[in-house]
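Asks: Just dropping this structure here.
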Amino acid sequence: MTTPLIPEVIISFPVYNSSEFLVEALESIFSQSHNSTSIILSAYDDGSTDDSYSILQSFRKEHSLPHITFLINRNENRSLVHGVAYARNCAIEFAIPHLTRLSPSPIVVFFDSDDIMLPTRIQRQIEVIGDDSSLICGSCFERWPSGSTPRYESWHNSLIQPQQLYSQMFREATLAQPTWAMTLECFQSNGGYTVGELCEDAVFLYGHILRGGKLVRIDEKLMKYRYNPLGQSLSHIGWLDLLAVRAKYFEKMILEKHVKDKFIIWGAGRDGKRLYRALSHKWQRRVSAFCDVDEKKIQLEYYHPPPPYRCEIHIKLYGSR
């Protein structure tokens with residue numbers, strides 16, 4: 001009986017002006033408990049203007065492990081930053097030629113240069129994913145510094161039922177991107193990241209599910225996910241831009257599959273009306289009412305959207321006819 005091959009691992013490691021946190025992030029990779037197969041650590045510096053690139057080079061000279069191949073590439077044009085989606089794609093592309101032909105489908109682990117992997121992260125995600133190319137695998141996380149975003153951390157880590165990963169995906173990404181891992185086949189079948197797309201993480205996640213992909217989360221804290229207001233992962237996307245992306249995929253994934261005629265928006269306050277305005281004209285016309293349990297929000301019997309919308313929509317109390 002032959003022993004199954006353990007997949008190789010690619011760590012996609014985008015770097016941009018992260019010199020303050022870089023050594024700590026790299027040390028956490030070199031401290032992983034998993035050492036039974038090769039790891040290709042592929043760093044792509046997207047034109048940093050600080051000393052991130054020299055830190056990468058110095059760390060590679062001073063640290064080596066037989067199972068880790070440390071690749072460093074960069075965008076030489078520092079005046080043109082392509083963004084984190086481009087850097088993640090490049091890191092993976094530069095790693096592929098270094099894979100061996102003996103490995104089953106390699107696993108891609110995403111890791112931002114200001115975060116910290118806990119020691120068992122890679123091992124646990126390999127165990128869960130195996131060779132299943134339909135999965136995106138995430139985990140719980142510890143926000144760092146502690147208490148930075150307590151409500152977000154608490155909400156995310158409380159999603160203990162598998163179905164919640166789908167039922168709440170239009171509220172926030174139910175798998176935090178810095179915790180993602182998947183097979184290379186899964187990444188490539190999704191077309192990689194769309195460079196220049198707003199909310200590229202959400203677009204990738206929704207597209208994966210639309211193509212029949214699955215989500216799974218390890219209910220263990222395998223990452224210290226840093227709150228860094230200057231980091232690329234936040235990318236300063238406006239709330240309304242994010243809502244527009246969510247509404248677009250809500251139409252594709254929910255409304256087009258399940259609504260044959262009219263539907264009601266739950267919530268007669270600000271958020272419900274923002275959702276209405278984010279919908280395409282086709283689906284705005286199918287909104288028959290706003291519904292709420294808060295009597296203060298239904299004092300007006302009808303909602304008249306601002307121009308260019310020309311209609312009135314009934315507002316009613318939940319349970320009324």
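Going by the structure tokens order, chains are called A, B, ..., each with residues numbered from 1, while ligands are numbered from 1 in the order shown.
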Quick one: everything within 10 Å of Gly191 (chain A), counting only C-alpha atoms, minus sequence neighbours fewer than 6 positions away in the same chain. Send it as a compact mmCIF listing (two decimals) with all heavy atoms, in the first residue's frame.

Replies:
# COMPACT_ATOMS: atom_id res chain seq x y z
N ASN A 89 -1.69 37.48 -7.47
CA ASN A 89 -1.59 36.70 -8.70
C ASN A 89 -0.14 36.47 -9.11
O ASN A 89 0.26 35.35 -9.47
CB ASN A 89 -2.31 37.42 -9.84
CG ASN A 89 -3.83 37.36 -9.73
OD1 ASN A 89 -4.37 36.59 -8.96
ND2 ASN A 89 -4.50 38.20 -10.50
N GLU A 185 -5.64 24.33 -8.35
CA GLU A 185 -6.68 24.10 -9.35
C GLU A 185 -7.91 24.96 -9.07
O GLU A 185 -8.52 25.52 -9.99
CB GLU A 185 -7.06 22.62 -9.36
CG GLU A 185 -8.13 22.26 -10.38
CD GLU A 185 -8.52 20.79 -10.33
OE1 GLU A 185 -7.78 19.99 -9.71
OE2 GLU A 185 -9.57 20.44 -10.90
N PHE A 204 -14.23 37.44 -5.91
CA PHE A 204 -13.67 36.08 -6.02
C PHE A 204 -14.54 35.08 -5.26
O PHE A 204 -14.87 34.01 -5.78
CB PHE A 204 -12.24 36.07 -5.47
CG PHE A 204 -11.50 34.79 -5.73
CD1 PHE A 204 -10.61 34.69 -6.78
CD2 PHE A 204 -11.68 33.67 -4.92
CE1 PHE A 204 -9.92 33.50 -7.03
CE2 PHE A 204 -11.00 32.49 -5.16
CZ PHE A 204 -10.12 32.41 -6.22
N GLY A 207 -17.98 34.62 -6.99
CA GLY A 207 -17.79 33.89 -8.23
C GLY A 207 -17.54 32.41 -7.98
O GLY A 207 -18.03 31.54 -8.72
N HIS A 208 -16.77 32.11 -6.96
CA HIS A 208 -16.48 30.72 -6.59
C HIS A 208 -17.78 29.98 -6.26
O HIS A 208 -17.99 28.85 -6.73
CB HIS A 208 -15.54 30.72 -5.38
CG HIS A 208 -15.32 29.39 -4.76
ND1 HIS A 208 -14.53 28.42 -5.32
CD2 HIS A 208 -15.79 28.86 -3.58
CE1 HIS A 208 -14.52 27.35 -4.54
NE2 HIS A 208 -15.27 27.59 -3.49

Asks: Find the residues of region 200-249 of chain A that sit at most 6 Å from region 128-137 of chain A; for each, write down the nearest two atoms and how far apart they are in Å, to one decimal. Count only C-alpha atoms. Sort by chain, then by number going up, and give it as a tab-separated table.

Replies:
residue	atom	partner	partner_atom	distance
A:Gly213	CA	A:Ser134	CA	4.8
A:Lys214	CA	A:Leu135	CA	4.9
A:Leu215	CA	A:Ile136	CA	5.1
A:Val216	CA	A:Cys137	CA	4.9
A:Arg217	CA	A:Cys137	CA	5.5

Asks: Please produce, as JSON lines, a per-residue contact table for region 178-215 of chain A versus region 242-248 of chain A (criterion: any atom at most 10 Å away, only C-alpha atoms considered), showing the nearest atom pair and its distance in Å to one decimal, sorted by chain then residue number.

Replies:
{"residue": "A:Glu197", "atom": "CA", "partner": "A:Val245", "partner_atom": "CA", "distance": 9.9}
{"residue": "A:Leu198", "atom": "CA", "partner": "A:Leu242", "partner_atom": "CA", "distance": 7.7}
{"residue": "A:Cys199", "atom": "CA", "partner": "A:Leu242", "partner_atom": "CA", "distance": 6.4}
{"residue": "A:Glu200", "atom": "CA", "partner": "A:Val245", "partner_atom": "CA", "distance": 9.6}
{"residue": "A:Ala202", "atom": "CA", "partner": "A:Val245", "partner_atom": "CA", "distance": 7.8}
{"residue": "A:Val203", "atom": "CA", "partner": "A:Val245", "partner_atom": "CA", "distance": 7.5}
{"residue": "A:Tyr206", "atom": "CA", "partner": "A:Arg246", "partner_atom": "CA", "distance": 8.9}

Asks: Using only C-alpha atoms, which protein or nucleic acid residues come within 7 Å of region 41-46 of chain A? Drop anything in the same chain fewer than 4 positions from it, and give the result as a list in words.

Replies: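 Counting only C-alpha atoms, the residues come to Ile10, Ile11, Ser12, Phe13, Pro14, Val15, Tyr16, Tyr53, Ile68, Thr69, Phe70, Leu71, Ile72, Asn73, Arg74, Asn75, Val81, His82, Ala87, Cys90, Ala91, Ile92 and Ala95 of chain A.
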
Asks: Need to verify the contact set: Ser36 (chain A), 12 Å, only C-alpha atoms, exclusion of same-chain residues closer than 6 positions in sequence. Can you return it as a PyMOL selection string?

Replies: chain A and resi 5-9+65-68+122-123+126

Asks: Take the residues from that selection and put them in a file with N, CA and C atoms, as a PDB file, in the first residue's frame.

Replies:
ATOM      1  N   LEU A   5       0.725  11.010  -1.419  1.00  0.00           N
ATOM      2  CA  LEU A   5       1.618  12.150  -1.446  1.00  0.00           C
ATOM      3  C   LEU A   5       0.982  13.345  -0.750  1.00  0.00           C
ATOM      4  N   ILE A   6       1.781  14.073  -0.011  1.00  0.00           N
ATOM      5  CA  ILE A   6       1.307  15.301   0.636  1.00  0.00           C
ATOM      6  C   ILE A   6       1.513  16.457  -0.339  1.00  0.00           C
ATOM      7  N   PRO A   7       0.513  17.275  -0.552  1.00  0.00           N
ATOM      8  CA  PRO A   7       0.655  18.343  -1.555  1.00  0.00           C
ATOM      9  C   PRO A   7       1.687  19.380  -1.155  1.00  0.00           C
ATOM     10  N   GLU A   8       2.339  19.929  -2.169  1.00  0.00           N
ATOM     11  CA  GLU A   8       3.206  21.073  -1.941  1.00  0.00           C
ATOM     12  C   GLU A   8       2.357  22.297  -1.609  1.00  0.00           C
ATOM     13  N   VAL A   9       2.994  23.274  -1.010  1.00  0.00           N
ATOM     14  CA  VAL A   9       2.289  24.484  -0.585  1.00  0.00           C
ATOM     15  C   VAL A   9       2.941  25.706  -1.226  1.00  0.00           C
ATOM     16  N   LEU A  65      15.499  26.898   5.645  1.00  0.00           N
ATOM     17  CA  LEU A  65      15.041  25.583   6.059  1.00  0.00           C
ATOM     18  C   LEU A  65      14.989  24.720   4.810  1.00  0.00           C
ATOM     19  N   PRO A  66      15.327  23.447   4.909  1.00  0.00           N
ATOM     20  CA  PRO A  66      15.426  22.621   3.701  1.00  0.00           C
ATOM     21  C   PRO A  66      14.118  22.469   2.930  1.00  0.00           C
ATOM     22  N   HIS A  67      12.980  22.601   3.614  1.00  0.00           N
ATOM     23  CA  HIS A  67      11.697  22.399   2.923  1.00  0.00           C
ATOM     24  C   HIS A  67      11.079  23.699   2.423  1.00  0.00           C
ATOM     25  N   ILE A  68      11.730  24.852   2.647  1.00  0.00           N
ATOM     26  CA  ILE A  68      11.175  26.138   2.215  1.00  0.00           C
ATOM     27  C   ILE A  68      12.035  26.725   1.105  1.00  0.00           C
ATOM     28  N   ILE A 122      -0.815  25.971   8.489  1.00  0.00           N
ATOM     29  CA  ILE A 122      -0.669  25.263   7.219  1.00  0.00           C
ATOM     30  C   ILE A 122      -1.037  23.788   7.375  1.00  0.00           C
ATOM     31  N   GLN A 123      -0.597  23.172   8.445  1.00  0.00           N
ATOM     32  CA  GLN A 123      -0.898  21.762   8.666  1.00  0.00           C
ATOM     33  C   GLN A 123      -2.399  21.509   8.736  1.00  0.00           C
ATOM     34  N   ILE A 126      -4.085  21.942   5.224  1.00  0.00           N
ATOM     35  CA  ILE A 126      -3.789  20.790   4.363  1.00  0.00           C
ATOM     36  C   ILE A 126      -4.681  19.607   4.741  1.00  0.00           C
TER      37      ILE A 126
END
